[in-house]
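Asks: Pasting structure-v2.cif below, which is mmCIF, C-alpha atoms.
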```cif
data_structure
loop_
_atom_site.label_atom_id
_atom_site.label_comp_id
_atom_site.auth_asym_id
_atom_site.auth_seq_id
_atom_site.Cartn_x
_atom_site.Cartn_y
_atom_site.Cartn_z
CA MET A 1 111.13 154.56 152.71
CA ASN A 2 114.32 154.45 150.64
CA LYS A 3 113.98 154.01 146.89
CA ARG A 4 116.65 152.76 144.49
CA GLU A 5 116.51 153.89 140.87
CA LYS A 6 118.74 153.44 137.84
CA LEU A 7 118.92 156.57 135.70
CA HIS A 8 120.50 157.77 132.46
CA ALA A 9 121.63 161.34 133.07
CA LEU A 10 123.84 164.24 132.08
CA VAL A 11 125.89 165.87 134.83
CA LEU A 12 124.94 169.55 134.67
CA ALA A 13 126.57 170.98 137.79
CA ARG A 14 128.42 170.03 140.96
CA ARG A 15 129.41 171.76 144.18
CA ASP A 16 131.90 170.68 146.82
CA ILE A 17 130.50 170.38 150.34
CA ASN A 18 131.93 169.11 153.61
CA GLU A 19 135.40 167.57 153.41
CA ALA A 20 134.95 164.92 150.77
CA ASP A 21 131.41 165.18 149.34
CA ARG A 22 129.81 166.79 146.31
CA LEU A 23 126.27 167.93 145.61
CA VAL A 24 125.67 166.93 141.99
CA THR A 25 122.86 168.12 139.73
CA LEU A 26 121.84 165.47 137.22
CA PHE A 27 119.52 165.99 134.28
CA SER A 28 118.04 162.54 133.97
CA ARG A 29 115.96 161.14 131.16
CA GLN A 30 113.59 159.41 133.56
CA GLN A 31 113.20 161.96 136.37
CA GLY A 32 114.31 165.35 135.05
CA LEU A 33 116.58 167.41 137.28
CA LEU A 34 117.82 165.71 140.45
CA ARG A 35 120.20 167.00 143.11
CA VAL A 36 122.01 164.09 144.71
CA LEU A 37 124.68 163.88 147.37
CA ALA A 38 127.79 162.01 146.26
CA LYS A 39 129.46 161.11 149.52
CA GLY A 40 133.23 160.68 149.63
CA VAL A 41 133.84 161.27 145.92
CA ARG A 42 136.60 163.81 146.55
CA ARG A 43 138.74 161.26 148.33
CA ILE A 44 141.65 160.09 146.17
CA PRO A 45 140.65 156.37 146.15
CA SER A 46 137.07 157.17 145.12
CA ARG A 47 135.99 155.43 141.91
CA ARG A 48 133.02 157.71 141.36
CA GLY A 49 134.66 161.14 141.23
CA GLY A 50 135.98 160.81 137.68
CA HIS A 51 132.50 160.07 136.35
CA LEU A 52 131.05 163.35 137.60
CA GLU A 53 132.67 165.85 135.26
CA PRO A 54 130.17 168.39 133.84
CA LEU A 55 128.26 167.23 130.75
CA THR A 56 129.33 163.62 131.16
CA TYR A 57 126.56 161.19 130.19
CA VAL A 58 126.31 158.64 132.99
CA LEU A 59 124.37 155.65 134.19
CA ALA A 60 123.64 156.34 137.86
CA ILE A 61 121.99 154.52 140.72
CA VAL A 62 120.26 156.94 143.09
CA THR A 63 118.90 156.00 146.49
CA GLY A 64 117.17 157.85 149.31
CA THR A 65 113.90 159.60 149.96
CA ALA A 66 112.03 162.50 148.37
CA ASP A 67 113.86 164.88 150.72
CA ARG A 68 117.39 163.52 150.43
CA LYS A 69 118.89 161.58 147.52
CA TYR A 70 122.29 159.89 147.40
CA LEU A 71 124.45 158.71 144.52
CA ALA A 72 125.02 155.02 145.21
CA ALA A 73 126.89 154.16 141.99
CA VAL A 74 127.80 155.78 138.69
CA GLU A 75 129.57 154.85 135.48
CA THR A 76 130.35 156.85 132.34
CA VAL A 77 128.38 156.13 129.20
CA ASP A 78 129.82 158.99 127.11
CA ASP A 79 132.51 161.36 128.36
CA HIS A 80 132.20 163.72 125.35
CA LEU A 81 135.96 164.01 124.90
CA ALA A 82 135.60 165.82 121.57
CA LEU A 83 133.35 168.40 123.23
CA ARG A 84 135.85 168.97 126.04
CA GLY A 85 138.64 169.48 123.54
CA ASP A 86 136.85 172.24 121.64
CA VAL A 87 136.46 175.52 123.53
CA GLN A 88 133.76 176.96 121.29
CA ALA A 89 131.75 173.73 121.19
CA TRP A 90 131.99 173.48 124.98
CA GLU A 91 130.63 177.02 125.36
CA HIS A 92 127.51 176.12 123.37
CA ALA A 93 126.82 173.04 125.49
CA GLU A 94 127.56 174.85 128.75
CA MET A 95 125.11 177.64 127.89
CA LEU A 96 122.37 175.08 127.26
CA ALA A 97 123.15 173.35 130.56
CA ARG A 98 122.81 176.67 132.39
CA LEU A 99 119.50 177.30 130.68
CA VAL A 100 118.06 173.94 131.70
CA LEU A 101 119.19 174.53 135.29
CA GLY A 102 117.44 177.90 135.34
CA LEU A 103 114.18 176.89 133.68
CA PHE A 104 113.13 173.73 135.46
CA GLU A 105 112.45 172.53 138.96
CA GLU A 106 113.46 169.12 140.24
CA GLU A 107 111.70 166.08 138.81
CA GLU A 108 110.06 167.87 135.89
CA VAL A 109 110.41 165.08 133.34
CA GLN A 110 111.55 166.32 129.91
CA VAL A 111 112.48 163.28 127.84
CA GLU A 112 112.65 165.00 124.44
CA LEU A 113 114.68 167.90 125.84
CA PHE A 114 117.11 165.46 127.45
CA ASP A 115 117.58 163.72 124.09
CA ALA A 116 118.03 167.06 122.32
CA LEU A 117 120.70 168.23 124.77
CA TYR A 118 122.56 164.92 124.67
CA HIS A 119 122.61 164.81 120.86
CA ALA A 120 123.67 168.47 120.73
CA CYS A 121 126.66 167.65 122.95
CA GLN A 122 127.63 164.94 120.48
CA MET A 123 127.16 167.14 117.42
CA PHE A 124 128.68 170.50 118.43
CA PRO A 125 132.34 169.47 117.86
CA GLU A 126 131.55 168.18 114.36
CA LEU A 127 129.80 171.30 113.05
CA PRO A 128 131.01 174.56 111.46
CA ALA A 129 130.41 177.72 113.47
CA PRO A 130 127.07 178.84 111.89
CA LYS A 131 125.54 175.37 112.33
CA ARG A 132 126.66 175.30 115.97
CA ASP A 133 125.01 178.66 116.56
CA PHE A 134 121.72 177.58 115.02
CA LEU A 135 121.76 174.28 116.90
CA GLU A 136 122.13 176.10 120.23
CA VAL A 137 119.34 178.52 119.27
CA ALA A 138 117.05 175.62 118.32
CA VAL A 139 117.65 173.67 121.54
CA ALA A 140 117.35 176.83 123.65
CA GLY A 141 114.06 177.71 121.95
CA TYR A 142 112.79 174.18 122.52
CA ALA A 143 113.78 174.36 126.20
CA LEU A 144 111.81 177.61 126.54
CA ARG A 145 108.84 175.94 124.85
CA CYS A 146 109.02 172.97 127.25
CA ALA A 147 108.97 175.44 130.14
CA GLY A 148 106.01 177.33 128.65
CA LEU A 149 108.16 180.43 128.21
CA GLN A 150 108.83 180.56 124.47
CA PRO A 151 108.90 184.06 122.94
CA ASP A 152 105.99 185.17 120.77
CA LEU A 153 107.70 185.58 117.41
CA ASN A 154 104.51 186.20 115.41
CA ARG A 155 103.95 189.89 116.12
CA CYS A 156 105.39 193.00 117.71
CA GLN A 157 104.42 193.05 121.36
CA ALA A 158 103.77 196.80 121.14
CA CYS A 159 102.12 197.62 117.81
CA GLY A 160 100.96 194.14 116.76
CA ARG A 161 102.65 194.21 113.36
CA ASN A 162 103.54 190.69 112.20
CA GLN A 163 105.80 191.51 109.24
CA PRO A 164 108.28 194.20 110.28
CA ASP A 165 110.02 196.34 107.70
CA GLU A 166 112.74 197.37 110.15
CA ALA A 167 114.97 195.70 112.72
CA VAL A 168 113.39 194.09 115.78
CA ILE A 169 114.57 193.47 119.33
CA LEU A 170 113.84 190.39 121.41
CA ASN A 171 112.49 191.69 124.70
CA PRO A 172 112.31 189.22 127.63
CA GLN A 173 110.07 191.49 129.66
CA ALA A 174 107.56 191.77 126.79
CA GLY A 175 107.66 188.05 126.01
CA GLY A 176 108.62 188.47 122.37
CA TRP A 177 109.96 191.04 119.93
CA ARG A 178 109.34 194.70 119.39
CA CYS A 179 109.97 196.85 116.36
CA LEU A 180 112.99 199.07 116.85
CA SER A 181 110.71 202.12 116.69
CA CYS A 182 108.44 200.60 119.39
CA HIS A 183 111.32 199.86 121.75
CA ASP A 184 111.31 202.44 124.52
CA SER A 185 114.96 202.36 125.60
CA PHE A 186 118.49 201.70 124.34
CA VAL A 187 118.67 198.41 126.25
CA GLY A 188 119.13 195.51 123.85
CA THR A 189 119.40 197.64 120.72
CA GLN A 190 122.86 196.20 120.02
CA LEU A 191 121.16 192.79 119.69
CA SER A 192 118.61 193.83 117.07
CA LEU A 193 117.73 191.50 114.20
CA PRO A 194 116.84 192.49 110.62
CA PRO A 195 113.59 191.03 109.25
CA ARG A 196 115.46 188.27 107.40
CA LEU A 197 117.01 186.95 110.61
CA LEU A 198 113.70 187.22 112.44
CA ARG A 199 112.29 184.88 109.78
CA ALA A 200 115.18 182.50 110.44
CA LEU A 201 114.43 182.60 114.17
CA ARG A 202 110.76 181.91 113.52
CA TRP A 203 111.70 178.93 111.36
CA LEU A 204 113.95 177.54 114.11
CA GLY A 205 111.10 177.94 116.57
CA ARG A 206 108.73 175.96 114.37
CA TYR A 207 111.20 173.32 113.20
CA PRO A 208 114.00 172.94 115.78
CA GLN A 209 114.79 169.47 114.43
CA LYS A 210 115.76 171.09 111.10
CA ALA A 211 118.23 173.59 112.56
CA LEU A 212 121.15 172.26 110.53
CA GLN A 213 119.33 172.95 107.27
CA LEU A 214 119.61 176.72 107.69
CA SER A 215 122.33 178.51 105.75
CA ALA A 216 123.85 181.81 106.87
CA THR A 217 127.12 183.61 107.26
CA LYS A 218 129.00 183.39 110.54
CA GLU A 219 128.08 187.01 111.30
CA GLU A 220 124.37 186.33 110.73
CA SER A 221 124.29 183.20 112.86
CA ARG A 222 126.12 185.06 115.63
CA GLN A 223 123.48 187.80 115.54
CA VAL A 224 120.68 185.28 115.99
CA LEU A 225 122.59 183.46 118.74
CA ALA A 226 123.37 186.64 120.68
CA ALA A 227 119.73 187.74 120.60
CA MET A 228 118.43 184.33 121.74
CA ARG A 229 121.07 183.96 124.45
CA TYR A 230 120.14 187.31 125.92
CA TYR A 231 116.43 186.51 125.85
CA ALA A 232 116.79 182.98 127.22
CA MET A 233 119.21 183.78 130.03
CA VAL A 234 117.17 186.76 131.27
CA VAL A 235 114.08 184.54 131.33
CA ALA A 236 115.99 181.75 133.12
CA GLU A 237 117.28 184.17 135.75
CA THR A 238 113.74 185.48 136.32
CA VAL A 239 112.06 182.09 136.77
CA PRO A 240 113.50 181.34 140.26
CA MET A 241 112.36 184.75 141.50
CA VAL A 242 108.83 184.18 140.18
CA ARG A 243 108.67 180.77 141.89
CA THR A 244 109.50 182.27 145.28
CA THR A 245 106.90 185.06 145.16
#
```
Could you write out this file's structure as structure tokens?
Replies:
Amino acid sequence: MNKREKLHALVLARRDINEADRLVTLFSRQQGLLRVLAKGVRRIPSRRGGHLEPLTYVLAIVTGTADRKYLAAVETVDDHLALRGDVQAWEHAEMLARLVLGLFEEEEVQVELFDALYHACQMFPELPAPKRDFLEVAVAGYALRCAGLQPDLNRCQACGRNQPDEAVILNPQAGGWRCLSCHDSFVGTQLSLPPRLLRALRWLGRYPQKALQLSATKEESRQVLAAMRYYAMVVAETVPMVRTT
């Protein structure tokens, strides 16, 4: 039986299929991730195609069954023009979109994460570089928490020490950090964090809503961002493989 639902959503991805159609991945507030077929949107007279740019916030009407969903209507709520006009801000938002796509299956409802991603898209163009970095780290950490895959930042995953006196490395395979001396390869050593920045990462994990209160140099915020990006994207790439085994 066909259902008809009105959804608030962010367009996360799209792929051209057939001659005039697109398969669109929406991250909706009400239903989580949905893959819907937008028929005919690549035809020049189509009124829907312009609303399906990545990271556009839309109001969509979706019809169909559990096996096949169609985009019946769509209109733009927020096109995030400022975000599109800022290359660095766009990179932050795009990385978060990729993370959400990798971490969650269809129809896993994540209302708070949807709100966090939407507000981040609004805020990135307005922030200085260190604040942008910390905002991405906070939302990425929250996405990992929602997926049940957050890193254990309390102790070294090898020796158990909770207050390191040397640099640490976020290790996706270990599920947290390891002291540099406990790390058994050179992989990831270029992304090591001194104890001070580990404390900043812990704070962001506990209080993601306070990300903009952190102060750091651009170099320090970039260090934290690089370490979290590596951890999060390796985890996101692993999740689909785990689901299929």
Asks: Considering all atoms listed in the file, return as a list in words whatever protein or nucleic-acid residues lie within 8 Å of Ile169 (chain A), sequence-local ones (same chain, fewer than 5 positions apart) excluded.
Replies: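 Neighbouring residues, sequence-local ones excluded: Trp177, Arg178, Cys179, Leu180, His183, Gly188, Thr189, Leu191, Ser192, Leu193 and Ala227 of chain A.
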Asks: Given the choices A:Val234, A:Val74, A:Leu33, A:Leu23, which gets closest to Lys6 (chain A) if the distance is worked out from all atoms listed in the file?
Replies: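 Counting all atoms listed in the file, the residue closest to Lys6 (chain A) is A:Val74.
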Asks: I'd like to know which of A:Glu53, A:Glu112, A:Glu91, A:Glu136 is closest to Thr76 (chain A), using all atoms listed in the file.
Replies: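 Answer, going by the shortest atom-to-atom distance: A:Glu53.
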Asks: Looking at A:Val168, A:Val41, A:Val109, A:Ala82, which one is nearest to Ser28 (chain A), with distances taken over only C-alpha atoms?
Replies: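 Ranking A:Val168, A:Val41, A:Val109, A:Ala82 by distance to Ser28 (chain A), first place goes to A:Val109.
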Asks: Carefully work through the PyMOL selection byres ((chain A and resi 203) around 12) for this structure and note down the residues it includes, as a PDB file with C-alpha atoms, in the coordinates of the input.
Replies:
```
ATOM      1  CA  PHE A 134     121.720 177.580 115.020  1.00  0.00           C
ATOM      2  CA  VAL A 137     119.340 178.520 119.270  1.00  0.00           C
ATOM      3  CA  ALA A 138     117.050 175.620 118.320  1.00  0.00           C
ATOM      4  CA  GLY A 141     114.060 177.710 121.950  1.00  0.00           C
ATOM      5  CA  LEU A 153     107.700 185.580 117.410  1.00  0.00           C
ATOM      6  CA  ASN A 154     104.510 186.200 115.410  1.00  0.00           C
ATOM      7  CA  ARG A 196     115.460 188.270 107.400  1.00  0.00           C
ATOM      8  CA  LEU A 197     117.010 186.950 110.610  1.00  0.00           C
ATOM      9  CA  LEU A 198     113.700 187.220 112.440  1.00  0.00           C
ATOM     10  CA  ARG A 199     112.290 184.880 109.780  1.00  0.00           C
ATOM     11  CA  ALA A 200     115.180 182.500 110.440  1.00  0.00           C
ATOM     12  CA  LEU A 201     114.430 182.600 114.170  1.00  0.00           C
ATOM     13  CA  ARG A 202     110.760 181.910 113.520  1.00  0.00           C
ATOM     14  CA  LEU A 204     113.950 177.540 114.110  1.00  0.00           C
ATOM     15  CA  GLY A 205     111.100 177.940 116.570  1.00  0.00           C
ATOM     16  CA  ARG A 206     108.730 175.960 114.370  1.00  0.00           C
ATOM     17  CA  TYR A 207     111.200 173.320 113.200  1.00  0.00           C
ATOM     18  CA  PRO A 208     114.000 172.940 115.780  1.00  0.00           C
ATOM     19  CA  GLN A 209     114.790 169.470 114.430  1.00  0.00           C
ATOM     20  CA  LYS A 210     115.760 171.090 111.100  1.00  0.00           C
ATOM     21  CA  ALA A 211     118.230 173.590 112.560  1.00  0.00           C
ATOM     22  CA  LEU A 212     121.150 172.260 110.530  1.00  0.00           C
ATOM     23  CA  GLN A 213     119.330 172.950 107.270  1.00  0.00           C
ATOM     24  CA  LEU A 214     119.610 176.720 107.690  1.00  0.00           C
ATOM     25  CA  VAL A 224     120.680 185.280 115.990  1.00  0.00           C
TER      26      VAL A 224
END
```
Asks: Just so the selection is clear, what residues does the PyMOL selection byres ((chain A and resi 143) around 10) cover here, as a list in words?
Replies: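 On the file shown, the PyMOL selection byres ((chain A and resi 143) around 10) covers Leu96, Leu99, Val100, Leu103, Phe104, Gln110, Glu112, Leu113, Phe114, Ala116, Leu117, Val137, Ala138, Val139, Ala140, Gly141, Tyr142, Leu144, Arg145, Cys146, Ala147, Gly148, Leu149, Gln150 and Ala232 of chain A.
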Asks: Filtering to C-alpha atoms, could you give me those residues as a compact mmCIF listing (two decimals), keeping the file's coordinate frame?
Replies:
```
# COMPACT_ATOMS: atom_id res chain seq x y z
CA LEU A 96 122.37 175.08 127.26
CA LEU A 99 119.50 177.30 130.68
CA VAL A 100 118.06 173.94 131.70
CA LEU A 103 114.18 176.89 133.68
CA PHE A 104 113.13 173.73 135.46
CA GLN A 110 111.55 166.32 129.91
CA GLU A 112 112.65 165.00 124.44
CA LEU A 113 114.68 167.90 125.84
CA PHE A 114 117.11 165.46 127.45
CA ALA A 116 118.03 167.06 122.32
CA LEU A 117 120.70 168.23 124.77
CA VAL A 137 119.34 178.52 119.27
CA ALA A 138 117.05 175.62 118.32
CA VAL A 139 117.65 173.67 121.54
CA ALA A 140 117.35 176.83 123.65
CA GLY A 141 114.06 177.71 121.95
CA TYR A 142 112.79 174.18 122.52
CA LEU A 144 111.81 177.61 126.54
CA ARG A 145 108.84 175.94 124.85
CA CYS A 146 109.02 172.97 127.25
CA ALA A 147 108.97 175.44 130.14
CA GLY A 148 106.01 177.33 128.65
CA LEU A 149 108.16 180.43 128.21
CA GLN A 150 108.83 180.56 124.47
CA ALA A 232 116.79 182.98 127.22
```
Asks: List the spatial neighbours of Ala73 (chain A) as a PyMOL selection string - criterion: any atom at most 10 Å away, all atoms listed in the file, same-chain residues fewer than 3 positions off excluded.
Replies: chain A and resi 6+38+47-48+51+59-63+70
Asks: Could region 64-90 of chain A be completed with N, CA, C and O atoms and returned as a short mmCIF file (atom, residue, chain, number, x, y, z; two decimals), in the frame of the given file?
Replies:
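Output file part.cif follows:
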```
data_model
loop_
_atom_site.label_atom_id
_atom_site.label_comp_id
_atom_site.auth_asym_id
_atom_site.auth_seq_id
_atom_site.Cartn_x
_atom_site.Cartn_y
_atom_site.Cartn_z
N GLY A 64 117.58 156.84 148.35
CA GLY A 64 117.17 157.85 149.31
C GLY A 64 115.67 158.08 149.29
O GLY A 64 114.89 157.29 148.77
N THR A 65 115.30 159.22 149.85
CA THR A 65 113.90 159.60 149.96
C THR A 65 113.63 160.83 149.11
O THR A 65 114.53 161.37 148.47
N ALA A 66 112.39 161.31 149.13
CA ALA A 66 112.03 162.50 148.37
C ALA A 66 112.81 163.72 148.86
O ALA A 66 113.09 164.64 148.09
N ASP A 67 113.17 163.73 150.14
CA ASP A 67 113.86 164.88 150.72
C ASP A 67 115.37 164.83 150.57
O ASP A 67 116.03 165.87 150.55
N ARG A 68 115.93 163.65 150.50
CA ARG A 68 117.39 163.52 150.43
C ARG A 68 117.76 162.34 149.54
O ARG A 68 117.38 161.21 149.81
N LYS A 69 118.49 162.62 148.45
CA LYS A 69 118.89 161.58 147.52
C LYS A 69 120.41 161.44 147.53
O LYS A 69 121.14 162.42 147.65
N TYR A 70 120.87 160.20 147.37
CA TYR A 70 122.29 159.89 147.40
C TYR A 70 122.69 159.16 146.11
O TYR A 70 121.90 158.38 145.55
N LEU A 71 123.90 159.42 145.68
CA LEU A 71 124.45 158.71 144.52
C LEU A 71 125.12 157.44 145.01
O LEU A 71 126.18 157.49 145.65
N ALA A 72 124.49 156.30 144.73
CA ALA A 72 125.02 155.02 145.21
C ALA A 72 126.09 154.47 144.28
O ALA A 72 127.07 153.86 144.74
N ALA A 73 125.93 154.67 142.97
CA ALA A 73 126.89 154.16 141.99
C ALA A 73 126.75 154.97 140.71
O ALA A 73 125.69 155.52 140.42
N VAL A 74 127.84 155.04 139.94
CA VAL A 74 127.80 155.78 138.69
C VAL A 74 128.88 155.24 137.77
O VAL A 74 129.96 154.85 138.21
N GLU A 75 128.56 155.20 136.48
CA GLU A 75 129.57 154.85 135.48
C GLU A 75 129.34 155.70 134.24
O GLU A 75 128.21 156.11 133.93
N THR A 76 130.42 156.00 133.53
CA THR A 76 130.35 156.85 132.34
C THR A 76 129.83 156.07 131.15
O THR A 76 130.30 154.97 130.86
N VAL A 77 128.86 156.67 130.47
CA VAL A 77 128.38 156.13 129.20
C VAL A 77 129.06 156.85 128.04
O VAL A 77 129.48 156.24 127.06
N ASP A 78 129.18 158.18 128.15
CA ASP A 78 129.82 158.99 127.11
C ASP A 78 130.48 160.18 127.79
O ASP A 78 129.81 161.01 128.43
N ASP A 79 131.81 160.27 127.68
CA ASP A 79 132.51 161.36 128.36
C ASP A 79 132.67 162.61 127.49
O ASP A 79 133.21 163.62 127.92
N HIS A 80 132.18 162.56 126.26
CA HIS A 80 132.20 163.72 125.35
C HIS A 80 133.60 164.34 125.27
O HIS A 80 133.77 165.56 125.42
N LEU A 81 134.59 163.52 124.99
CA LEU A 81 135.96 164.01 124.90
C LEU A 81 136.13 165.05 123.80
O LEU A 81 136.85 166.04 123.98
N ALA A 82 135.48 164.85 122.66
CA ALA A 82 135.60 165.82 121.57
C ALA A 82 135.04 167.18 121.99
O ALA A 82 135.59 168.22 121.66
N LEU A 83 133.95 167.16 122.74
CA LEU A 83 133.35 168.40 123.23
C LEU A 83 134.30 169.12 124.17
O LEU A 83 134.48 170.34 124.10
N ARG A 84 134.94 168.36 125.06
CA ARG A 84 135.85 168.97 126.04
C ARG A 84 137.10 169.54 125.38
O ARG A 84 137.73 170.46 125.91
N GLY A 85 137.45 169.00 124.22
CA GLY A 85 138.64 169.48 123.54
C GLY A 85 138.41 170.64 122.61
O GLY A 85 139.35 171.10 121.94
N ASP A 86 137.20 171.15 122.55
CA ASP A 86 136.85 172.24 121.64
C ASP A 86 136.20 173.36 122.46
O ASP A 86 135.07 173.23 122.92
N VAL A 87 136.91 174.45 122.64
CA VAL A 87 136.46 175.52 123.53
C VAL A 87 135.13 176.10 123.08
O VAL A 87 134.22 176.33 123.89
N GLN A 88 134.98 176.35 121.78
CA GLN A 88 133.76 176.96 121.29
C GLN A 88 132.57 175.99 121.41
O GLN A 88 131.47 176.37 121.80
N ALA A 89 132.82 174.72 121.07
CA ALA A 89 131.75 173.73 121.19
C ALA A 89 131.32 173.58 122.64
O ALA A 89 130.13 173.47 122.95
N TRP A 90 132.30 173.59 123.55
CA TRP A 90 131.99 173.48 124.98
C TRP A 90 131.13 174.65 125.45
O TRP A 90 130.20 174.47 126.24
#
```
